[in-house]
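Asker: This structure is in structure tokens; I'll ask about it shortly.
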Amino acid sequence: MSRTRGKTAIVGIGEIPTGRYPERPAISFALDAARMAIEDAGIGKDEIDFVMPTGALFSGQFNTELVTCRVVEELGLKNVVGNCQVFSGGSSSTNGLRMASALIETGRAEAVLFVHTDKLGTGVSSQGGIDLFSTAGISAEWETPYGQHYSTVAALTTTRYKYETGATDEHLSAVCVSNRKWAELNPNAFFRKPLTLEEVMASKMLSTPLRAKHSNMLLDGGAAFIVTSAERARDLTDTPAYVLGEGGAVTHFAFHQEPDLTRFGWAKAAQQAFGEAGLTPADIDVAEIYDSYPIYQLIAFEELGLCGRGEAGEIFLRGDTWPGGRLPTTTDGGMLSKGHIGAGGSVSLLVEAARQLMGKAGERQAPNARFAVETAVGGTYMDAQVTILGTEIPS
């Protein structure tokens with residue numbers, strides 16, 4: 001039995017709507033989200049004793065300000081003993097939660113504020129965004145000179161997966177439709193207009209076989225969550241989201257060194273997380289699956305054990321993952337409909353997992369949600385991270 005199981009909990013969450021805010025400074029997203037999380041947790045701001053900002057991609061100077069305690073000063077926090085950035089790209093949510101829990105369990109902190117903010121929608125030019133995602137996490141020596149970028153990475157994975165499983169373009173497009181169904185109900189999502197399978201499949205080809213509506217869009221946003229001990233959490237709220245299990249597997253840096261482009265490390269990470277939680281995939285009520293492109297949502301869904309190999313596409317296509325479906329999945333709309341905000345893609349999913357368990361999801365609330373799984377992944381899908389949260393600690 002893991003020593004970490006059920007000893008910490010998320011007690012407060014905050015998030016601003018994803019969008020384009022050319023006139024707003026990035027720090028305002030972080031501060032608004034942090035204030036929401038503090039209020040949601042029902043604590044005073046000076047009860048925060050550790051601040052953990054994650055990385056902002058749009059500006060090196062602004063990111064350095066996060067590292068050097070700008071959030072602490074701007075919020076006027078008086079009892080912070082440490083401000084330390086935790087950044088691993090899209091897996092920052094899991095690693096941040098992991099480190100926050102460790103601080104709590106070892107008595108080094110009592111209330112940790114994790115916060116994300118970025119301005120990828122208006123803080124960089126269109127070409128700047130293209131350049132960023134043509135170099136970040138892509139081997140400068142062996143891949144960048146040959147035109148590797150994230151759309152080609154996803155296209156390679158998609159092509160191989162289709163070959164191995166018989167998945168169709170309809171199956172891939174069904175992920176986009178499912179996520180949009182949830183985004184229609186999410187006031188924080190950028191894309192809320194209904195989306196059909198036909199619209200996805202008729203959109204412009206970007207990187208064969210991926211089309212424009214199979215891709216995400218860079219936007220501005222921010223989110224935050226607060227972690228404390230399970231004992232204290234029970235005094236603060238009737239609905240804490242207990243941290244039950246975590247697992248991870250780092251498999252490569254250069255994409256061409258990944259041993260299996262259609263599986264990655266998800267099965268290993270899931271086995272660790274479910275084992276630590278004392279649960280099985282059948283116990284999961286809500287699945288918050290990282291979705292920078294639809295193929296990664298299908299792969300992770302299967303490798304977590306939520307269905308068999310090559311079966312996820314049909315599950316998404318027939319609506320099992322939609323609102324009212326058997327297994328609500330990526331219920332905030334994900335990066336495909338809520339928007340890509342850098343490391344915030346996974347932070348939003350972790351916040352959404354906690355929101356569902358706390359019963360605070362409004363129109364998109366999954367009924368009787370007790371256990372949620374969240375996935376996160378950094379760079380060119382270099383690491384697979386799995387977190388399991390719950391409203392109770394299994395016996």
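Convention: chains lettered A, B, ... in structure tokens order; per-chain residue numbering from 1; ligands numbered from 1 as shown.
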When you look at Gly379 of chain A with a cut-off of 9 Å (counting only C-alpha atoms), what residues show up, excluding the ones that are within fewer than 6 positions of it in the same chain? I need them as a list in words.
Answerer: Ser88, Gly89, Gly90, Ser91, Ala136, Gly137, Ile138 and Phe253 of chain A
Asker: So which residues of segment 169-306 of chain A fall under strand (DSSP E or B) by DSSP, listed as a ChimeraX atom specification?
Answerer: /A:205-207,210-211,218,220-229,241-250,286-288
Asker: Please produce an output containing N, CA and C atoms for each residue in the selection, written as a PDB file, in the first residue's frame.
Answerer:
ATOM      1  N   MET A 205      -7.227  19.867 -44.748  1.00  0.00           N
ATOM      2  CA  MET A 205      -6.170  18.934 -44.394  1.00  0.00           C
ATOM      3  C   MET A 205      -4.926  19.719 -43.966  1.00  0.00           C
ATOM      4  N   LEU A 206      -4.391  19.348 -42.791  1.00  0.00           N
ATOM      5  CA  LEU A 206      -3.208  20.024 -42.275  1.00  0.00           C
ATOM      6  C   LEU A 206      -1.953  19.174 -42.428  1.00  0.00           C
ATOM      7  N   SER A 207      -2.023  17.988 -41.881  1.00  0.00           N
ATOM      8  CA  SER A 207      -0.893  17.066 -41.921  1.00  0.00           C
ATOM      9  C   SER A 207      -1.495  15.667 -41.985  1.00  0.00           C
ATOM     10  N   LEU A 210      -4.534  14.281 -40.571  1.00  0.00           N
ATOM     11  CA  LEU A 210      -5.175  15.208 -39.637  1.00  0.00           C
ATOM     12  C   LEU A 210      -5.671  16.465 -40.348  1.00  0.00           C
ATOM     13  N   ARG A 211      -6.871  16.872 -39.970  1.00  0.00           N
ATOM     14  CA  ARG A 211      -7.498  18.056 -40.535  1.00  0.00           C
ATOM     15  C   ARG A 211      -7.522  19.194 -39.507  1.00  0.00           C
ATOM     16  N   LEU A 218      -4.232  27.775 -30.031  1.00  0.00           N
ATOM     17  CA  LEU A 218      -3.519  28.430 -28.941  1.00  0.00           C
ATOM     18  C   LEU A 218      -4.318  29.623 -28.429  1.00  0.00           C
ATOM     19  N   ASP A 220      -5.353  32.144 -24.527  1.00  0.00           N
ATOM     20  CA  ASP A 220      -4.935  32.658 -23.223  1.00  0.00           C
ATOM     21  C   ASP A 220      -5.783  31.998 -22.132  1.00  0.00           C
ATOM     22  N   GLY A 221      -5.207  31.863 -20.935  1.00  0.00           N
ATOM     23  CA  GLY A 221      -6.008  31.323 -19.841  1.00  0.00           C
ATOM     24  C   GLY A 221      -5.218  31.165 -18.561  1.00  0.00           C
ATOM     25  N   GLY A 222      -5.893  30.693 -17.532  1.00  0.00           N
ATOM     26  CA  GLY A 222      -5.255  30.475 -16.242  1.00  0.00           C
ATOM     27  C   GLY A 222      -6.125  29.629 -15.347  1.00  0.00           C
ATOM     28  N   ALA A 223      -5.484  28.893 -14.439  1.00  0.00           N
ATOM     29  CA  ALA A 223      -6.208  28.035 -13.498  1.00  0.00           C
ATOM     30  C   ALA A 223      -5.354  27.829 -12.256  1.00  0.00           C
ATOM     31  N   ALA A 224      -5.988  27.402 -11.175  1.00  0.00           N
ATOM     32  CA  ALA A 224      -5.275  27.187  -9.917  1.00  0.00           C
ATOM     33  C   ALA A 224      -5.993  26.146  -9.086  1.00  0.00           C
ATOM     34  N   PHE A 225      -5.229  25.477  -8.213  1.00  0.00           N
ATOM     35  CA  PHE A 225      -5.838  24.584  -7.227  1.00  0.00           C
ATOM     36  C   PHE A 225      -5.023  24.614  -5.943  1.00  0.00           C
ATOM     37  N   ILE A 226      -5.675  24.245  -4.848  1.00  0.00           N
ATOM     38  CA  ILE A 226      -5.044  24.250  -3.525  1.00  0.00           C
ATOM     39  C   ILE A 226      -5.065  22.839  -2.960  1.00  0.00           C
ATOM     40  N   VAL A 227      -3.908  22.417  -2.440  1.00  0.00           N
ATOM     41  CA  VAL A 227      -3.743  21.084  -1.858  1.00  0.00           C
ATOM     42  C   VAL A 227      -3.449  21.218  -0.369  1.00  0.00           C
ATOM     43  N   THR A 228      -4.070  20.360   0.417  1.00  0.00           N
ATOM     44  CA  THR A 228      -3.795  20.318   1.848  1.00  0.00           C
ATOM     45  C   THR A 228      -3.922  18.877   2.325  1.00  0.00           C
ATOM     46  N   SER A 229      -3.777  18.651   3.614  1.00  0.00           N
ATOM     47  CA  SER A 229      -3.874  17.289   4.144  1.00  0.00           C
ATOM     48  C   SER A 229      -5.323  16.817   4.118  1.00  0.00           C
ATOM     49  N   ALA A 241     -11.480  16.470  -2.853  1.00  0.00           N
ATOM     50  CA  ALA A 241     -11.086  15.505  -3.878  1.00  0.00           C
ATOM     51  C   ALA A 241      -9.774  14.878  -3.420  1.00  0.00           C
ATOM     52  N   TYR A 242      -9.880  13.695  -2.811  1.00  0.00           N
ATOM     53  CA  TYR A 242      -8.709  13.021  -2.261  1.00  0.00           C
ATOM     54  C   TYR A 242      -7.785  12.526  -3.373  1.00  0.00           C
ATOM     55  N   VAL A 243      -6.488  12.652  -3.137  1.00  0.00           N
ATOM     56  CA  VAL A 243      -5.491  12.119  -4.069  1.00  0.00           C
ATOM     57  C   VAL A 243      -5.290  10.650  -3.714  1.00  0.00           C
ATOM     58  N   LEU A 244      -5.757   9.775  -4.592  1.00  0.00           N
ATOM     59  CA  LEU A 244      -5.755   8.337  -4.284  1.00  0.00           C
ATOM     60  C   LEU A 244      -4.612   7.574  -4.942  1.00  0.00           C
ATOM     61  N   GLY A 245      -4.216   7.991  -6.128  1.00  0.00           N
ATOM     62  CA  GLY A 245      -3.180   7.235  -6.810  1.00  0.00           C
ATOM     63  C   GLY A 245      -2.520   8.032  -7.909  1.00  0.00           C
ATOM     64  N   GLU A 246      -1.235   7.768  -8.128  1.00  0.00           N
ATOM     65  CA  GLU A 246      -0.495   8.420  -9.188  1.00  0.00           C
ATOM     66  C   GLU A 246       0.461   7.420  -9.827  1.00  0.00           C
ATOM     67  N   GLY A 247       0.711   7.604 -11.110  1.00  0.00           N
ATOM     68  CA  GLY A 247       1.670   6.765 -11.807  1.00  0.00           C
ATOM     69  C   GLY A 247       2.263   7.518 -12.968  1.00  0.00           C
ATOM     70  N   GLY A 248       3.469   7.136 -13.344  1.00  0.00           N
ATOM     71  CA  GLY A 248       4.107   7.820 -14.458  1.00  0.00           C
ATOM     72  C   GLY A 248       5.128   6.940 -15.154  1.00  0.00           C
ATOM     73  N   ALA A 249       5.405   7.268 -16.399  1.00  0.00           N
ATOM     74  CA  ALA A 249       6.426   6.570 -17.173  1.00  0.00           C
ATOM     75  C   ALA A 249       7.027   7.536 -18.180  1.00  0.00           C
ATOM     76  N   VAL A 250       8.325   7.787 -18.060  1.00  0.00           N
ATOM     77  CA  VAL A 250       9.039   8.634 -19.010  1.00  0.00           C
ATOM     78  C   VAL A 250       9.695   7.715 -20.034  1.00  0.00           C
ATOM     79  N   VAL A 286     -15.570   9.248 -14.062  1.00  0.00           N
ATOM     80  CA  VAL A 286     -15.263  10.363 -14.947  1.00  0.00           C
ATOM     81  C   VAL A 286     -13.818  10.210 -15.417  1.00  0.00           C
ATOM     82  N   ALA A 287     -13.589  10.384 -16.720  1.00  0.00           N
ATOM     83  CA  ALA A 287     -12.239  10.286 -17.276  1.00  0.00           C
ATOM     84  C   ALA A 287     -11.863  11.613 -17.929  1.00  0.00           C
ATOM     85  N   GLU A 288     -10.834  12.249 -17.399  1.00  0.00           N
ATOM     86  CA  GLU A 288     -10.355  13.517 -17.951  1.00  0.00           C
ATOM     87  C   GLU A 288      -9.058  13.219 -18.708  1.00  0.00           C
TER      88      GLU A 288
END
Asker: For Gln365 of chain A, list every protein, DNA or RNA residue within 9 Å, evaluated using only C-alpha atoms, and leave out those in the same chain fewer than 4 positions away; present the list as a PDB file with N, CA and C atoms, in the first residue's frame.
Answerer:
ATOM      1  N   PRO A 323     -22.165  13.887 -22.736  1.00  0.00           N
ATOM      2  CA  PRO A 323     -23.058  14.157 -21.610  1.00  0.00           C
ATOM      3  C   PRO A 323     -24.213  13.157 -21.610  1.00  0.00           C
ATOM      4  N   THR A 331     -14.537  16.326 -19.755  1.00  0.00           N
ATOM      5  CA  THR A 331     -15.809  17.023 -19.570  1.00  0.00           C
ATOM      6  C   THR A 331     -15.705  18.547 -19.576  1.00  0.00           C
ATOM      7  N   ARG A 355     -13.426  19.359  -9.848  1.00  0.00           N
ATOM      8  CA  ARG A 355     -14.739  20.021  -9.921  1.00  0.00           C
ATOM      9  C   ARG A 355     -15.863  18.989 -10.008  1.00  0.00           C
ATOM     10  N   GLN A 356     -15.683  17.981 -10.831  1.00  0.00           N
ATOM     11  CA  GLN A 356     -16.708  16.944 -10.968  1.00  0.00           C
ATOM     12  C   GLN A 356     -16.921  16.204  -9.652  1.00  0.00           C
ATOM     13  N   LEU A 357     -15.846  15.880  -8.962  1.00  0.00           N
ATOM     14  CA  LEU A 357     -15.979  15.149  -7.700  1.00  0.00           C
ATOM     15  C   LEU A 357     -16.568  16.020  -6.595  1.00  0.00           C
ATOM     16  N   GLY A 359     -18.833  18.142  -7.122  1.00  0.00           N
ATOM     17  CA  GLY A 359     -20.215  18.437  -7.486  1.00  0.00           C
ATOM     18  C   GLY A 359     -20.437  19.864  -7.907  1.00  0.00           C
ATOM     19  N   LYS A 360     -19.400  20.492  -8.506  1.00  0.00           N
ATOM     20  CA  LYS A 360     -19.461  21.909  -8.848  1.00  0.00           C
ATOM     21  C   LYS A 360     -19.438  22.155 -10.354  1.00  0.00           C
ATOM     22  N   ALA A 361     -19.814  21.158 -11.149  1.00  0.00           N
ATOM     23  CA  ALA A 361     -19.675  21.267 -12.602  1.00  0.00           C
ATOM     24  C   ALA A 361     -20.917  21.797 -13.302  1.00  0.00           C
ATOM     25  N   ALA A 369     -20.619  11.039  -9.206  1.00  0.00           N
ATOM     26  CA  ALA A 369     -19.193  10.885  -9.493  1.00  0.00           C
ATOM     27  C   ALA A 369     -18.406  10.680  -8.207  1.00  0.00           C
TER      28      ALA A 369
END
Asker: Which parts of segment 188-352 of chain A does DSSP call alpha helix (DSSP H) when run on the backbone here, written out as a PyMOL selection string?
Answerer: chain A and resi 197-202+230-236+266-277+294-303+312-317+334-337+344-352
Asker: Quick one: residues within 12 Å of Glu47 of chain A, only C-alpha atoms, excluding same-chain residues fewer than 3 positions away - as a ChimeraX atom specification?
Answerer: /A:38-39,41-44,50-51,76-81,109-113,226-228
Asker: Next, dump the selected residues to file, keeping only C-alpha atoms, as a PDB file, in the first residue's frame.
Answerer:
ATOM      1  CA  ILE A  38      -8.614  30.448  -2.110  1.00  0.00           C
ATOM      2  CA  GLU A  39     -12.265  31.474  -1.799  1.00  0.00           C
ATOM      3  CA  ALA A  41     -11.214  26.389  -0.317  1.00  0.00           C
ATOM      4  CA  GLY A  42     -12.720  28.537   2.426  1.00  0.00           C
ATOM      5  CA  ILE A  43      -9.373  29.637   3.817  1.00  0.00           C
ATOM      6  CA  GLY A  44      -7.662  32.961   4.391  1.00  0.00           C
ATOM      7  CA  PHE A  50       3.818  27.419  -0.384  1.00  0.00           C
ATOM      8  CA  VAL A  51       3.231  28.728  -3.922  1.00  0.00           C
ATOM      9  CA  GLY A  76      -0.106  39.947  -0.702  1.00  0.00           C
ATOM     10  CA  LEU A  77       0.613  36.570   0.877  1.00  0.00           C
ATOM     11  CA  LYS A  78       2.362  36.982   4.248  1.00  0.00           C
ATOM     12  CA  ASN A  79       3.296  33.464   5.393  1.00  0.00           C
ATOM     13  CA  VAL A  80       4.801  31.784   2.340  1.00  0.00           C
ATOM     14  CA  VAL A  81       7.940  29.774   3.098  1.00  0.00           C
ATOM     15  CA  ALA A 109       3.765  22.884   4.059  1.00  0.00           C
ATOM     16  CA  GLU A 110       0.130  22.975   5.116  1.00  0.00           C
ATOM     17  CA  ALA A 111      -1.558  24.591   2.114  1.00  0.00           C
ATOM     18  CA  VAL A 112       0.021  24.638  -1.339  1.00  0.00           C
ATOM     19  CA  LEU A 113      -1.260  26.916  -4.103  1.00  0.00           C
ATOM     20  CA  ILE A 226      -5.044  24.250  -3.525  1.00  0.00           C
ATOM     21  CA  VAL A 227      -3.743  21.084  -1.858  1.00  0.00           C
ATOM     22  CA  THR A 228      -3.795  20.318   1.848  1.00  0.00           C
TER      23      THR A 228
END
Asker: Write out as a PyMOL selection string which residues come within 8 Å of Trp266 of chain A when counting only C-alpha atoms, dropping same-chain ones fewer than 4 positions away.
Answerer: chain A and resi 248-249+270+300+303-304+384-386
Asker: Residues at most 8 Å from Phe371 of chain A, counting only C-alpha atoms, excluding those fewer than 6 positions away in the same chain, as a list in words?
Answerer: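 The filter keeps Asp283, Ile284, Asp285, Val286, Leu357, Ile388, Leu389, Gly390 and Thr391 of chain A.
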Asker: Could you dump the residues just selected with N, CA and C atoms as a PDB file, in the first residue's frame?
Answerer:
ATOM      1  N   ASP A 283     -14.063   1.058 -11.862  1.00  0.00           N
ATOM      2  CA  ASP A 283     -14.552   1.926 -10.781  1.00  0.00           C
ATOM      3  C   ASP A 283     -14.648   3.390 -11.203  1.00  0.00           C
ATOM      4  N   ILE A 284     -14.069   3.745 -12.333  1.00  0.00           N
ATOM      5  CA  ILE A 284     -13.975   5.152 -12.735  1.00  0.00           C
ATOM      6  C   ILE A 284     -15.327   5.676 -13.222  1.00  0.00           C
ATOM      7  N   ASP A 285     -15.694   6.850 -12.702  1.00  0.00           N
ATOM      8  CA  ASP A 285     -16.951   7.499 -13.078  1.00  0.00           C
ATOM      9  C   ASP A 285     -16.752   8.629 -14.080  1.00  0.00           C
ATOM     10  N   VAL A 286     -15.570   9.248 -14.062  1.00  0.00           N
ATOM     11  CA  VAL A 286     -15.263  10.363 -14.947  1.00  0.00           C
ATOM     12  C   VAL A 286     -13.818  10.210 -15.417  1.00  0.00           C
ATOM     13  N   LEU A 357     -15.846  15.880  -8.962  1.00  0.00           N
ATOM     14  CA  LEU A 357     -15.979  15.149  -7.700  1.00  0.00           C
ATOM     15  C   LEU A 357     -16.568  16.020  -6.595  1.00  0.00           C
ATOM     16  N   ILE A 388      -5.412   9.612 -10.011  1.00  0.00           N
ATOM     17  CA  ILE A 388      -6.757   9.185  -9.641  1.00  0.00           C
ATOM     18  C   ILE A 388      -7.184   9.941  -8.387  1.00  0.00           C
ATOM     19  N   LEU A 389      -8.322  10.599  -8.480  1.00  0.00           N
ATOM     20  CA  LEU A 389      -8.923  11.328  -7.368  1.00  0.00           C
ATOM     21  C   LEU A 389     -10.224  10.666  -6.965  1.00  0.00           C
ATOM     22  N   GLY A 390     -10.660  10.895  -5.739  1.00  0.00           N
ATOM     23  CA  GLY A 390     -11.923  10.315  -5.302  1.00  0.00           C
ATOM     24  C   GLY A 390     -12.574  11.103  -4.192  1.00  0.00           C
ATOM     25  N   THR A 391     -13.870  10.914  -4.018  1.00  0.00           N
ATOM     26  CA  THR A 391     -14.610  11.555  -2.934  1.00  0.00           C
ATOM     27  C   THR A 391     -14.502  10.753  -1.652  1.00  0.00           C
TER      28      THR A 391
END
Asker: Skipping near chain neighbours, those fewer than 4 positions away, what residues fall within 9 Å of segment 310-313 of chain A using only C-alpha atoms, listed as a PDB file with C-alpha atoms, in the first residue's frame?
Answerer:
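This is the output file out00.pdb:
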ATOM      1  CA  TYR A 161      -2.525   3.586 -34.962  1.00  0.00           C
ATOM      2  CA  LYS A 162      -4.963   3.413 -37.880  1.00  0.00           C
ATOM      3  CA  GLU A 164      -2.555  -1.348 -36.366  1.00  0.00           C
ATOM      4  CA  THR A 165      -6.172  -1.115 -35.207  1.00  0.00           C
ATOM      5  CA  GLY A 166      -8.293  -0.355 -38.275  1.00  0.00           C
ATOM      6  CA  ALA A 167      -9.469   2.920 -36.741  1.00  0.00           C
ATOM      7  CA  THR A 168     -11.170   5.268 -39.203  1.00  0.00           C
ATOM      8  CA  GLU A 170     -14.832   8.872 -38.302  1.00  0.00           C
ATOM      9  CA  HIS A 171     -13.422   7.455 -35.060  1.00  0.00           C
ATOM     10  CA  LEU A 172     -10.859  10.245 -34.808  1.00  0.00           C
ATOM     11  CA  SER A 173     -13.447  12.893 -35.605  1.00  0.00           C
ATOM     12  CA  ALA A 174     -15.825  11.451 -33.006  1.00  0.00           C
ATOM     13  CA  VAL A 175     -13.368  12.520 -30.276  1.00  0.00           C
ATOM     14  CA  GLN A 297      -7.280  10.615 -26.290  1.00  0.00           C
ATOM     15  CA  LEU A 298      -8.062   7.300 -27.999  1.00  0.00           C
ATOM     16  CA  ILE A 299      -4.717   5.740 -27.074  1.00  0.00           C
ATOM     17  CA  PHE A 301      -8.432   5.742 -23.062  1.00  0.00           C
ATOM     18  CA  GLU A 302      -7.498   2.220 -24.174  1.00  0.00           C
ATOM     19  CA  LEU A 306     -11.223   1.718 -19.978  1.00  0.00           C
ATOM     20  CA  LEU A 317     -18.676   7.502 -31.974  1.00  0.00           C
ATOM     21  CA  ARG A 318     -21.779   6.055 -30.343  1.00  0.00           C
TER      22      ARG A 318
END
Asker: Return the single residue from A:Ala26, A:Val72, A:Leu336, A:Leu261 that is closest to Ile48 of chain A, with distances computed using only C-alpha atoms.
Answerer: A:Val72
Asker: Please determine, counting only C-alpha atoms, which residue among A:Ala34, A:Leu120, A:Ala100, A:Val153 has the shortest atom-to-atom distance to Lys7 of chain A.
Answerer: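 With only C-alpha atoms as the atom set, the closest residue is A:Ala100.
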